[in-house]
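Chemist: Next comes target-v6.cif, mmCIF, C-alpha atoms:
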data_model
loop_
_atom_site.label_atom_id
_atom_site.label_comp_id
_atom_site.auth_asym_id
_atom_site.auth_seq_id
_atom_site.Cartn_x
_atom_site.Cartn_y
_atom_site.Cartn_z
CA MET A 761 -40.49 0.91 -13.05
CA GLU A 762 -38.87 0.79 -9.63
CA ILE A 763 -35.11 0.67 -9.42
CA ASP A 764 -33.41 -1.03 -6.49
CA PRO A 765 -31.90 1.75 -4.29
CA LEU A 766 -28.69 -0.26 -3.92
CA LEU A 767 -28.34 -0.53 -7.69
CA LEU A 768 -28.98 3.20 -7.96
CA GLN A 769 -26.32 3.85 -5.32
CA PHE A 770 -23.84 1.65 -7.18
CA ALA A 771 -24.53 3.36 -10.50
CA GLY A 772 -24.21 6.80 -8.88
CA SER A 773 -20.91 5.87 -7.24
CA LEU A 774 -19.57 4.47 -10.49
CA ILE A 775 -20.44 7.66 -12.35
CA ILE A 776 -18.73 9.79 -9.68
CA ILE A 777 -15.62 7.60 -9.85
CA LEU A 778 -15.41 7.92 -13.62
CA LEU A 779 -15.95 11.68 -13.37
CA LEU A 780 -13.17 12.05 -10.78
CA ALA A 781 -10.72 10.06 -12.91
CA ALA A 782 -11.73 12.11 -15.96
CA LEU A 783 -11.24 15.30 -13.98
CA ALA A 784 -7.73 14.18 -12.97
CA ARG A 785 -6.97 13.72 -16.67
CA PHE A 786 -8.61 17.03 -17.62
CA LEU A 787 -6.51 18.85 -15.01
CA LYS A 788 -3.44 17.22 -16.58
CA LEU A 789 -2.47 15.61 -13.30
CA GLY A 790 0.13 12.90 -13.45
CA GLY A 791 2.51 13.80 -16.23
CA THR A 792 4.95 11.65 -18.15
CA PRO A 793 8.33 11.43 -16.44
CA ALA A 794 11.36 10.30 -18.40
CA LEU A 795 14.71 8.90 -17.34
CA ALA A 796 16.92 11.70 -18.58
CA ASN A 797 20.34 10.34 -17.68
CA GLU A 798 22.23 7.49 -16.05
CA GLU A 799 21.98 9.05 -12.63
CA GLU A 800 18.20 9.02 -12.80
CA ALA A 801 18.14 5.45 -14.08
CA ALA A 802 20.48 4.35 -11.28
CA ARG A 803 18.24 6.05 -8.73
CA ALA A 804 15.18 4.36 -10.20
CA ALA A 805 16.97 1.01 -9.97
CA SER A 806 17.85 1.56 -6.31
CA GLU A 807 14.20 2.36 -5.67
CA VAL A 808 13.02 -0.82 -7.38
CA GLU A 809 15.39 -2.82 -5.19
CA ASP A 810 16.97 -1.09 -2.25
CA GLY A 811 20.73 -1.16 -2.60
CA PHE A 812 20.85 -2.16 -6.27
CA GLU A 813 24.00 -0.54 -7.61
CA ALA A 814 23.85 -0.14 -11.35
CA GLN A 815 27.18 -0.64 -13.12
CA ARG A 816 26.00 -0.66 -16.71
CA ILE A 817 22.99 1.38 -17.75
CA SER A 818 21.13 1.71 -21.02
CA ILE A 819 18.21 4.08 -21.26
CA ASP A 820 15.44 3.89 -23.81
CA ARG A 821 15.65 6.76 -26.33
CA LYS A 822 12.45 8.31 -24.98
CA GLY A 823 13.42 7.71 -21.36
CA ALA A 824 10.40 5.49 -20.76
CA ALA A 825 12.41 2.43 -19.76
CA ALA A 826 15.90 1.25 -18.95
CA LEU A 827 18.05 -1.82 -18.48
CA VAL A 828 20.63 -1.85 -15.71
CA ARG A 829 23.16 -4.41 -14.58
CA ASP A 830 24.96 -4.65 -11.27
CA ALA A 831 28.41 -5.96 -10.40
CA ASN A 832 27.00 -9.42 -9.75
CA GLY A 833 25.58 -9.65 -13.24
CA ARG A 834 22.00 -9.21 -12.17
CA ILE A 835 19.90 -7.40 -14.76
CA MET A 836 16.92 -5.21 -13.98
CA VAL A 837 14.36 -3.88 -16.40
CA ILE A 838 12.67 -0.62 -15.47
CA LYS A 839 9.53 0.73 -17.11
CA ARG A 840 7.41 3.80 -16.72
CA HIS A 841 4.22 2.90 -14.89
CA GLY A 842 1.76 5.79 -14.92
CA ASN A 843 3.88 8.68 -13.74
CA ARG A 844 6.17 6.50 -11.64
CA PHE A 845 8.67 3.77 -12.47
CA ALA A 846 8.50 0.08 -11.65
CA GLY A 847 10.94 -2.69 -12.37
CA ARG A 848 11.92 -6.30 -12.05
CA VAL A 849 15.21 -8.07 -11.50
CA LEU A 850 15.21 -10.59 -14.32
CA THR A 851 15.46 -14.31 -13.73
CA ASP A 852 16.44 -17.11 -16.08
CA ALA A 853 12.80 -17.23 -17.18
CA ALA A 854 13.17 -13.80 -18.81
CA ARG A 855 13.51 -13.54 -22.55
CA ALA A 856 14.63 -10.77 -24.88
CA ARG A 857 14.23 -10.42 -28.61
CA GLU A 858 15.31 -7.77 -31.03
CA GLU A 859 12.91 -6.14 -33.45
CA VAL A 860 13.67 -3.56 -36.13
CA ASP A 861 14.05 -0.62 -33.79
CA ALA A 862 13.43 -2.11 -30.39
CA LEU A 863 14.37 -4.66 -27.83
CA ILE A 864 11.45 -6.51 -26.26
CA VAL A 865 12.21 -7.70 -22.74
CA ASP A 866 9.75 -10.16 -21.28
CA PRO A 867 10.35 -10.77 -17.56
CA SER A 868 7.97 -13.74 -17.85
CA GLU A 869 5.45 -12.15 -15.53
CA THR A 870 2.16 -11.66 -17.35
CA ARG A 871 0.83 -8.81 -15.25
CA PHE A 872 4.05 -6.80 -15.34
CA GLY A 873 4.18 -7.31 -19.07
CA ALA A 874 6.90 -7.10 -21.69
CA VAL A 875 8.90 -3.89 -21.89
CA ARG A 876 9.81 -2.30 -25.21
CA LEU A 877 13.07 -0.37 -25.31
CA SER A 878 14.77 1.50 -28.09
CA LEU A 879 18.48 1.14 -27.37
CA THR A 880 21.78 1.60 -29.14
CA ASP A 881 23.23 -1.54 -27.57
CA ALA A 882 20.21 -3.82 -27.87
CA SER A 883 22.25 -6.82 -29.01
CA TYR A 884 24.38 -6.76 -25.88
CA TRP A 885 21.31 -6.81 -23.65
CA ALA A 886 19.45 -9.41 -25.68
CA ASP A 887 22.43 -11.71 -25.40
CA ALA A 888 22.93 -11.02 -21.68
CA ILE A 889 19.26 -11.56 -20.82
CA ASN A 890 18.91 -14.74 -22.84
CA ARG A 891 22.01 -16.15 -21.15
CA LEU A 892 20.74 -15.57 -17.60
CA MET B 349 -31.54 0.40 18.34
CA PRO B 350 -29.50 2.75 16.13
CA ASP B 351 -29.41 1.97 12.44
CA PHE B 352 -26.63 4.21 11.25
CA SER B 353 -23.66 3.85 8.93
CA PRO B 354 -21.37 6.86 9.34
CA THR B 355 -19.25 6.03 6.28
CA GLN B 356 -22.26 6.31 3.97
CA TYR B 357 -22.94 9.83 5.18
CA ALA B 358 -19.27 10.70 4.76
CA ILE B 359 -19.13 9.85 1.04
CA PRO B 360 -20.04 13.40 -0.14
CA LEU B 361 -17.29 14.72 2.13
CA PHE B 362 -14.83 12.23 0.64
CA VAL B 363 -15.68 13.40 -2.89
CA ALA B 364 -15.47 17.09 -1.92
CA ALA B 365 -12.09 16.54 -0.22
CA ILE B 366 -10.70 14.73 -3.28
CA LEU B 367 -11.83 17.63 -5.48
CA ILE B 368 -10.07 20.10 -3.19
CA GLU B 369 -6.90 17.97 -3.15
CA MET B 370 -6.96 17.71 -6.95
CA ALA B 371 -7.17 21.51 -7.15
CA TRP B 372 -4.18 21.68 -4.79
CA ALA B 373 -2.31 19.13 -6.91
CA ARG B 374 -3.03 21.09 -10.09
CA ARG B 375 -1.33 24.15 -8.60
CA ARG B 376 1.38 22.66 -6.41
CA SER B 377 2.08 19.03 -7.21
CA PRO B 378 0.54 17.59 -10.42
CA GLU B 379 2.52 14.36 -9.98
CA ALA B 380 0.64 13.62 -6.75
CA TYR B 381 -2.17 12.17 -8.86
CA GLU B 382 -2.19 9.76 -11.78
CA PRO B 383 -5.59 9.36 -13.48
CA GLN B 384 -5.28 5.61 -14.04
CA ASP B 385 -4.14 5.07 -10.47
CA THR B 386 -7.04 7.19 -9.20
CA LEU B 387 -9.51 5.16 -11.24
CA THR B 388 -8.11 1.88 -9.88
CA SER B 389 -8.14 3.12 -6.29
CA LEU B 390 -11.71 4.41 -6.44
CA ALA B 391 -12.94 1.27 -8.21
CA MET B 392 -11.36 -0.79 -5.44
CA GLY B 393 -13.20 1.36 -2.92
CA LEU B 394 -16.54 0.79 -4.62
CA GLY B 395 -15.85 -2.91 -5.00
CA SER B 396 -14.96 -3.22 -1.33
CA THR B 397 -18.42 -2.02 -0.29
CA ILE B 398 -20.03 -4.65 -2.51
CA ALA B 399 -17.67 -7.39 -1.32
CA GLY B 400 -18.37 -6.41 2.29
CA ALA B 401 -22.12 -6.65 1.74
CA LEU B 402 -21.78 -9.99 -0.03
CA PHE B 403 -19.28 -11.74 2.21
CA GLY B 404 -19.39 -9.93 5.55
CA GLY B 405 -22.41 -11.87 6.81
CA LEU B 406 -20.45 -14.64 8.48
CA SER B 407 -18.39 -12.21 10.55
CA VAL B 408 -21.52 -10.33 11.62
CA ALA B 409 -23.27 -13.56 12.57
CA LEU B 410 -20.23 -14.67 14.58
CA ALA B 411 -20.10 -11.32 16.42
CA PHE B 412 -23.79 -11.53 17.31
CA ALA B 413 -23.38 -15.10 18.52
CA ILE B 414 -20.46 -14.12 20.77
CA TYR B 415 -22.47 -11.13 22.05
CA GLU B 416 -24.91 -13.60 23.60
CA LEU B 417 -22.04 -14.76 25.83
CA ARG B 418 -21.09 -11.21 26.94
CA LEU B 419 -19.52 -10.75 30.35
CA VAL B 420 -20.98 -7.29 30.99
CA ASP B 421 -24.54 -6.39 30.04
CA PHE B 422 -25.22 -2.76 29.18
CA GLY B 423 -28.93 -3.57 29.05
CA ASP B 424 -31.52 -3.50 26.28
CA GLN B 425 -30.81 0.17 25.70
CA TRP B 426 -27.05 -0.25 25.42
CA TRP B 427 -26.88 2.69 23.01
CA ALA B 428 -28.08 5.02 25.79
CA VAL B 429 -25.03 4.30 27.97
CA TRP B 430 -23.17 7.42 26.86
CA TRP B 431 -19.76 6.60 28.32
CA ALA B 432 -19.67 3.27 26.51
CA TRP B 433 -19.32 5.12 23.18
CA PRO B 434 -15.97 6.87 23.78
CA LEU B 435 -14.71 3.78 25.58
CA ALA B 436 -15.70 1.61 22.63
CA PHE B 437 -14.02 4.07 20.25
CA VAL B 438 -10.71 3.93 22.10
CA LEU B 439 -10.75 0.16 22.57
CA ASP B 440 -11.79 -0.37 18.95
CA ASP B 441 -8.83 1.78 17.89
CA LEU B 442 -6.54 -0.40 20.01
CA LYS B 443 -8.07 -3.42 18.28
CA TYR B 444 -7.47 -1.70 14.93
CA TYR B 445 -3.79 -1.28 15.78
CA TRP B 446 -3.38 -5.02 16.34
CA VAL B 447 -5.47 -6.20 13.42
CA HIS B 448 -3.56 -3.75 11.23
CA ARG B 449 -0.22 -4.98 12.56
CA ALA B 450 -1.31 -8.55 11.87
CA GLY B 451 -2.31 -7.35 8.40
CA HIS B 452 1.34 -6.54 7.74
CA ARG B 453 2.99 -9.40 9.55
CA ILE B 454 0.88 -12.42 8.58
CA ARG B 455 0.73 -13.13 4.87
CA TRP B 456 -2.85 -14.43 4.98
CA MET B 457 -3.96 -11.10 6.43
CA TRP B 458 -1.57 -9.19 4.15
CA ALA B 459 -3.21 -10.77 1.10
CA ALA B 460 -6.28 -8.68 1.88
CA HIS B 461 -4.57 -5.57 3.23
CA VAL B 462 -1.92 -5.28 0.51
CA ASN B 463 -4.62 -3.74 -1.71
CA HIS B 464 -4.53 -0.58 0.36
CA HIS B 465 -0.77 -0.25 -0.17
CA SER B 466 -0.34 -1.13 -3.81
CA SER B 467 -0.60 2.41 -5.17
CA GLN B 468 2.67 4.22 -5.80
CA HIS B 469 0.81 7.42 -4.95
CA TYR B 470 -0.34 8.83 -1.66
CA ASN B 471 -3.44 10.95 -1.97
CA LEU B 472 -7.03 10.92 -0.77
CA SER B 473 -8.05 8.44 -3.45
CA THR B 474 -5.51 6.03 -1.94
CA ALA B 475 -7.53 6.13 1.28
CA LEU B 476 -10.47 4.59 -0.57
CA ARG B 477 -8.32 1.84 -2.06
CA GLN B 478 -9.82 -0.82 0.17
CA THR B 479 -9.78 -4.58 0.18
CA TRP B 480 -12.41 -6.85 -1.33
CA THR B 481 -11.24 -9.90 0.55
CA GLY B 482 -11.16 -8.89 4.22
CA SER B 483 -13.96 -11.36 4.95
CA PHE B 484 -11.66 -14.19 3.91
CA THR B 485 -9.16 -13.47 6.67
CA PHE B 486 -9.48 -13.99 10.42
CA GLY B 487 -9.53 -10.27 11.20
CA ILE B 488 -12.89 -10.58 12.95
CA LEU B 489 -11.19 -12.55 15.75
CA PHE B 490 -9.51 -9.35 16.93
CA ALA B 491 -12.91 -7.76 17.56
CA LEU B 492 -14.42 -10.67 19.44
CA PRO B 493 -12.84 -9.84 22.84
CA LEU B 494 -14.65 -6.49 22.78
CA VAL B 495 -17.92 -8.18 21.89
CA LEU B 496 -17.36 -10.71 24.65
CA LEU B 497 -16.70 -7.84 27.02
CA GLY B 498 -20.19 -6.53 26.29
CA PHE B 499 -19.89 -3.98 23.48
CA HIS B 500 -22.73 -4.51 21.04
CA PRO B 501 -21.56 -5.40 17.49
CA ILE B 502 -23.55 -2.46 16.13
CA MET B 503 -21.82 -0.07 18.52
CA LEU B 504 -18.46 -1.44 17.37
CA GLY B 505 -19.54 -1.12 13.75
CA ILE B 506 -20.44 2.54 14.26
CA VAL B 507 -17.26 3.52 16.11
CA GLY B 508 -15.28 1.53 13.55
CA GLY B 509 -16.96 3.59 10.83
CA PHE B 510 -15.89 6.82 12.51
CA ASN B 511 -12.39 5.38 12.81
CA LEU B 512 -12.28 4.81 9.05
CA ILE B 513 -13.62 8.30 8.38
CA TYR B 514 -10.85 9.75 10.54
CA GLN B 515 -8.26 7.83 8.58
CA PHE B 516 -9.45 9.25 5.26
CA TRP B 517 -7.97 12.73 5.64
CA ILE B 518 -4.51 11.53 6.69
CA HIS B 519 -3.86 10.07 3.21
CA THR B 520 -2.44 13.23 1.75
CA GLU B 521 0.81 15.00 0.95
CA ALA B 522 -0.98 18.34 0.96
CA ILE B 523 -0.62 18.65 4.73
CA ASP B 524 2.90 18.72 6.10
CA LYS B 525 2.75 18.59 9.89
CA MET B 526 -0.04 19.27 12.36
CA PRO B 527 0.54 21.17 15.62
CA ARG B 528 3.04 19.41 17.89
CA TRP B 529 0.51 18.38 20.53
CA PHE B 530 -1.67 16.85 17.82
CA GLU B 531 1.23 14.96 16.25
CA ALA B 532 2.09 13.59 19.69
CA VAL B 533 -1.27 11.94 20.27
CA MET B 534 -3.10 11.53 16.97
CA ASN B 535 -2.36 9.75 13.74
CA THR B 536 -1.59 12.41 11.14
CA PRO B 537 -0.71 12.68 7.44
CA SER B 538 2.96 12.77 8.44
CA HIS B 539 2.78 9.61 10.56
CA HIS B 540 0.74 7.75 7.98
CA ARG B 541 3.00 8.72 5.09
CA VAL B 542 5.66 6.77 6.96
CA HIS B 543 3.31 3.79 7.13
CA HIS B 544 2.79 3.80 3.34
CA ALA B 545 6.49 4.23 2.58
CA THR B 546 8.73 1.54 1.11
CA ASN B 547 11.95 3.17 2.33
CA PRO B 548 13.64 0.47 4.44
CA ARG B 549 13.69 2.58 7.60
CA TYR B 550 9.92 3.02 7.40
CA LEU B 551 8.82 -0.55 6.60
CA ASP B 552 6.19 -1.94 8.98
CA LYS B 553 5.95 1.18 11.13
CA ASN B 554 3.10 3.39 12.34
CA TYR B 555 0.17 0.97 12.32
CA ALA B 556 -2.15 3.34 14.19
CA GLY B 557 -5.67 4.14 13.11
CA VAL B 558 -6.63 7.24 15.11
CA PHE B 559 -4.27 7.42 18.10
CA ILE B 560 -0.54 7.22 17.32
CA VAL B 561 0.08 6.48 21.00
CA TRP B 562 -0.39 2.75 20.33
CA ASP B 563 2.71 2.71 18.10
CA LYS B 564 4.68 4.58 20.74
CA MET B 565 3.42 2.15 23.37
CA PHE B 566 4.22 -1.01 21.40
CA GLY B 567 7.50 0.10 19.82
CA THR B 568 6.49 0.53 16.19
CA PHE B 569 6.56 4.32 15.93
CA THR B 570 8.91 6.10 13.55
CA PRO B 571 8.65 9.82 12.81
CA GLU B 572 8.79 11.19 9.29
CA ARG B 573 12.09 12.79 8.36
CA ASP B 574 12.42 15.94 6.32
CA ASP B 575 15.66 14.83 4.70
CA GLU B 576 14.49 11.69 2.93
CA ARG B 577 12.06 11.51 0.05
CA ILE B 578 9.33 8.96 0.65
CA ARG B 579 8.57 6.27 -1.91
CA TYR B 580 5.09 4.79 -1.72
CA GLY B 581 3.65 1.42 -2.59
CA LEU B 582 5.11 -2.07 -2.26
CA VAL B 583 8.70 -3.24 -2.10
CA ARG B 584 7.84 -5.13 -5.28
CA GLN B 585 5.65 -2.67 -7.15
CA LEU B 586 2.72 -4.11 -9.08
CA GLY B 587 3.55 -2.41 -12.35
CA SER B 588 -0.08 -2.83 -13.42
CA PHE B 589 -3.32 -0.89 -13.13
CA ASN B 590 -5.38 -4.00 -13.80
CA LEU B 591 -8.18 -3.91 -11.23
CA LEU B 592 -8.56 -7.64 -10.69
CA TRP B 593 -4.82 -8.19 -10.49
CA SER B 594 -4.56 -5.35 -7.98
CA VAL B 595 -7.21 -7.01 -5.83
CA PHE B 596 -6.17 -10.64 -6.03
CA HIS B 597 -2.43 -10.73 -6.78
CA GLU B 598 -1.28 -11.74 -3.30
CA TRP B 599 -3.95 -14.45 -3.07
CA VAL B 600 -2.69 -15.82 -6.37
CA GLY B 601 0.85 -15.69 -4.97
CA ILE B 602 -0.18 -17.59 -1.84
CA MET B 603 -2.00 -20.24 -3.83
CA THR B 604 1.00 -20.69 -6.11
CA ASP B 605 3.35 -21.01 -3.15
CA LEU B 606 1.06 -23.42 -1.32
CA TRP B 607 0.95 -25.58 -4.44
CA ARG B 608 4.71 -25.54 -5.07
CA ALA B 609 6.18 -25.55 -1.55
CA PRO B 610 7.29 -28.73 0.22
CA TRP B 611 4.62 -30.00 2.62
CA ARG B 612 6.42 -28.98 5.78
CA HIS B 613 6.66 -25.38 4.58
CA LYS B 614 3.19 -24.91 3.14
CA LEU B 615 1.62 -23.42 6.27
CA SER B 616 4.50 -20.98 6.67
CA TYR B 617 3.64 -19.44 3.30
CA LEU B 618 0.24 -18.63 4.78
CA LEU B 619 1.08 -17.64 8.33
CA ARG B 620 4.57 -16.16 8.26
CA GLU B 621 5.43 -12.61 7.27
CA PRO B 622 5.15 -11.44 3.66
CA GLY B 623 8.35 -12.08 1.74
CA TRP B 624 9.29 -15.17 3.73
CA SER B 625 10.44 -18.15 1.69
CA HIS B 626 11.71 -21.55 2.78
CA ASP B 627 14.78 -21.29 0.56
CA GLY B 628 15.64 -17.69 1.39
CA SER B 629 15.07 -16.60 -2.20
CA ARG B 630 12.85 -13.67 -1.19
CA GLU B 631 13.12 -10.87 1.30
CA THR B 632 10.96 -9.90 4.25
CA SER B 633 10.75 -6.30 5.41
CA GLY B 634 13.11 -7.21 8.25
CA MET B 635 15.71 -8.55 5.81
CA ILE B 636 15.43 -5.44 3.62
CA ARG B 637 15.88 -3.18 6.64
CA ALA B 638 18.84 -5.25 7.90
CA ARG B 639 20.53 -5.04 4.49
CA TRP B 640 19.99 -1.31 4.42
CA GLN B 641 21.32 -0.94 7.96
CA ALA B 642 24.39 -2.98 7.04
CA ARG B 643 25.08 -0.53 4.22
CA GLN B 644 24.93 2.38 6.64
CA ARG B 645 27.39 0.87 9.14
CA PRO B 646 30.72 1.47 7.37
CA ILE B 647 29.86 5.14 7.30
CA ALA B 648 28.00 5.71 10.53
CA PRO B 649 28.35 2.76 12.92
CA ALA B 650 25.29 1.90 14.94
CA GLN B 651 23.57 5.08 13.86
CA ALA B 652 21.37 3.83 11.07
CA ASP B 653 18.46 5.89 12.33
CA GLU B 654 20.47 9.07 12.71
CA PRO B 655 19.72 11.85 10.26
CA VAL B 656 21.26 11.33 6.84
CA ALA B 657 22.46 14.93 7.03
CA ARG B 658 25.04 13.81 9.60
CA ASN B 659 26.51 11.44 7.07
CA PRO B 660 29.26 13.42 5.36
CA ILE B 661 29.39 11.16 2.31
CA ALA B 662 25.81 10.41 1.34
CA SER B 663 23.72 12.96 -0.43
CA PRO B 664 21.39 14.58 2.11
CA LYS B 665 18.39 13.82 -0.08
CA GLU B 666 19.34 10.25 -0.83
CA ALA B 667 16.40 7.94 -0.56
CA ALA B 668 17.41 5.14 1.72
#
Would you encode the structure as structure tokens?

Modeler:
Amino acid sequence: MEIDPLLLQFAGSLIIILLLAALARFLKLGGTPALANEEEAARAASEVEDGFEAQRISIDRKGAAALVRDANGRIMVIKRHGNRFAGRVLTDAARAREEVDALIVDPSETRFGAVRLSLTDASYWADAINRL
Amino acid sequence: MPDFSPTQYAIPLFVAAILIEMAWARRRSPEAYEPQDTLTSLAMGLGSTIAGALFGGLSVALAFAIYELRLVDFGDQWWAVWWAWPLAFVLDDLKYYWVHRAGHRIRWMWAAHVNHHSSQHYNLSTALRQTWTGSFTFGILFALPLVLLGFHPIMLGIVGGFNLIYQFWIHTEAIDKMPRWFEAVMNTPSHHRVHHATNPRYLDKNYAGVFIVWDKMFGTFTPERDDERIRYGLVRQLGSFNLLWSVFHEWVGIMTDLWRAPWRHKLSYLLREPGWSHDGSRETSGMIRARWQARQRPIAPAQADEPVARNPIASPKEAA
């Protein structure tokens, strides 16, 4: 049986790609950063949107996410994305709901996804987000 | 007639260089890589070669058609005119500067080029994070003047391949600065880190491919500073490793805007700069930079580009 050289090249490239990604994992590259304190969460917020000055900050118990609010009442949700952080300033389309031990914040952007946070003041944020 | 694709021959070198950089990262900077991000970037690279083969035909046909109208004829053995090769390389790099600049300033072009910038990491795998949709832009138009001048499309394809190979090695944090003379003339890891940065002062700077002199010539050069940590990616980070979303998200955004926008603004959502909106609800890179500059003024009037270290209030390592 003769295999198309282009197909062979594609399969070879795909295998190499998977091996490289596996090697990155094997070498423990990446890591799992956590937001350890309010200063780090505020810095993450200012990186999501340049100049965003967090006034109220709540950090997920494991440091994987945070909710921050600025003086103008704008609320930003921050989540760990790989070994970096990404976030969204929430609009009135955003929704929040409380579960047993978590607050689920849905920025209403499918690809960004809902963010699960374990917070001590979940009710405050749920109310604030749903009133945006 | 030469039948040669330099990028194909360079693939083993690309893989070897990534392995070396991963070994460096393991020892010095494990956070420089993220396995999921690496997988997405490399998959985009593989996909781009397939997309190019599938959809690049029209551009090639157009280039060959224009070549028939060439102003200067290098003859049947155009590949034997030795001096045409370095000349083509330099002029192609000038073309690259402009097509790249358009790729950042015109949303239609950005929709394809954004793929290369959507990683929050900056390593050699990012270099291979290439577009699948370049054939659906008008980038080929930038090459046509060179074809019309008399450079054979194959010659331009080959020098363009070497240009891309050059650009591979500059996607790294493992190299700090090259010798001063080299930094002055050539694009380097330092210059290109600036290009991939989302820090306001760095937005839409350093478009060069091989020679950084084009940026110096056309006013878009900004040097990397040692006192400000660079953030990579997009001003609105994707927040997803989904391959298809990474490839098509800006196209989806354009389509949505074209559908929703009032008729008189529809074309602007295609041809104006990324971030433009008819109601001012979004921000362009210029608006982000202006807002950042305004924040600097109360502290250091008219010296927004001065070193942060001169600012007695701000933390010297503050990311702008």

Chemist: Using Å and a single decimal, report how far atom CA of Glu531 of chain B sits from atom CA of Glu379 of chain B.

Modeler: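 Atom-to-atom, atom CA of Glu379 of chain B and atom CA of Glu531 of chain B are spaced 26.3 Å apart.
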
Chemist: Give the answer as one residue: which of A:Leu767, A:Ala784, A:Ile775, A:Leu877 has the shortest atom-to-atom distance to Glu369 of chain B, using all atoms listed in the file?

Modeler: A:Ala784

Chemist: State, in Å with one decimal place, the distance from atom CA of Phe569 of chain B to atom CA of Asn554 of chain B.

Modeler: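 Computing it gives 5.1 Å between the two atoms.
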
Chemist: Per residue of chain B within 7 Å of chain A, note the shortest atom pair and the distance in Å to one decimal, counting all atoms listed in the file, and order the rows by chain and increasing residue number, as a tab-separated table.

Modeler:
residue	atom	partner	partner_atom	distance
B:Arg374	CA	A:Leu789	CA	6.4
B:Pro378	CA	A:Leu789	CA	4.6
B:Glu379	CA	A:Gly790	CA	4.5
B:Ala380	CA	A:Gly790	CA	6.8
B:Tyr381	CA	A:Gly790	CA	5.2
B:Glu382	CA	A:Gly790	CA	4.2
B:Pro383	CA	A:Ala781	CA	5.2
B:Thr386	CA	A:Ala781	CA	6.0
B:Leu387	CA	A:Ala781	CA	5.3
B:Leu390	CA	A:Ile777	CA	6.1
B:Gln585	CA	A:Ala846	CA	6.0
B:Leu586	CA	A:Phe872	CA	6.9
B:Gly587	CA	A:Phe872	CA	5.3
B:Ser588	CA	A:Phe872	CA	6.0

Chemist: Once the PyMOL selection byres ((chain B and resi 552) around 10) is applied to the coordinates I shared, what remains selected? I want it as a PyMOL selection string.

Modeler: chain B and resi 449+452-453+542-546+548-551+553-555+568-570+633-634

Chemist: For the PyMOL selection byres ((chain B and resi 471) around 7), applied here, can you spell out every residue it catches as a list in words?

Modeler: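 Selected by the PyMOL selection byres ((chain B and resi 471) around 7) here: Ala380, His469, Tyr470, Leu472, Ser473, Thr474, His519, Thr520 and Glu521 of chain B.
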
Chemist: Once the PyMOL selection byres ((chain A and resi 830-836) around 6) has been evaluated on this model, what residues remain selected, and can you format them as a list in words?

Modeler: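 Checked against the file, the PyMOL selection byres ((chain A and resi 830-836) around 6) matches Glu813, Ala814, Gln815, Leu827, Val828, Arg829, Val837, Arg848, Val849 and Leu850 of chain A.
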
Chemist: If we count all atoms listed in the file and set the cut-off at 8 Å, which residues sit around Arg418 of chain B, ignoring sequence neighbours fewer than 3 positions away in its own chain? Please answer as a PyMOL selection string.

Modeler: chain B and resi 414-415+421+495-498

Chemist: What is the atom CA of Ser818 of chain A-atom CA of Leu879 of chain A distance in Å, reported with one decimal?

Modeler: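 Interatomic distance here is 6.9 Å.
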
Chemist: Would you pick out the contacts of Ala874 of chain A at 7 Å or less, using only C-alpha atoms, so that residues sharing its chain but fewer than 4 positions from it are not included, and give the list as a short mmCIF file (atom, residue, chain, number, x, y, z; two decimals) with C-alpha atoms, in the frame of the given file?

Modeler:
data_model
loop_
_atom_site.label_atom_id
_atom_site.label_comp_id
_atom_site.auth_asym_id
_atom_site.auth_seq_id
_atom_site.Cartn_x
_atom_site.Cartn_y
_atom_site.Cartn_z
CA ILE A 864 11.45 -6.51 -26.26
CA VAL A 865 12.21 -7.70 -22.74
CA ASP A 866 9.75 -10.16 -21.28
CA PRO A 867 10.35 -10.77 -17.56
#

Chemist: Got a sec: who's within 9 Å of Thr479 of chain B, counting all atoms listed in the file, leaving out chain neighbours fewer than 5 positions off, as a list in words?

Modeler: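 Within the cut-off, the hits are Met392, Gly393, Gly395, Ser396, Ala399, Ala460, His461, Val462, Asn463, His464 and Val595 of chain B.
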
Chemist: For Gly623 of chain B, which of B:Leu476, B:Leu504, B:Leu591, B:Ile454 is the closest residue, counting all atoms listed in the file?

Modeler: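 Checking each candidate against Gly623 of chain B, we get B:Ile454 as the closest.
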
Chemist: Write out as number ranges by chain each polymer residue whose atoms come within 10 Å of Leu402 of chain B, counting all atoms listed in the file; drop sequence neighbours fewer than 5 positions from it.

Modeler: B: 396-397, 480, 483

Chemist: Grab the residues selected above and save them as a CSV table (one decimal), in the coordinates of the input with C-alpha atoms.

Modeler:
chain,number,residue,atom,x,y,z
B,396,SER,CA,-15.0,-3.2,-1.3
B,397,THR,CA,-18.4,-2.0,-0.3
B,480,TRP,CA,-12.4,-6.8,-1.3
B,483,SER,CA,-14.0,-11.4,5.0
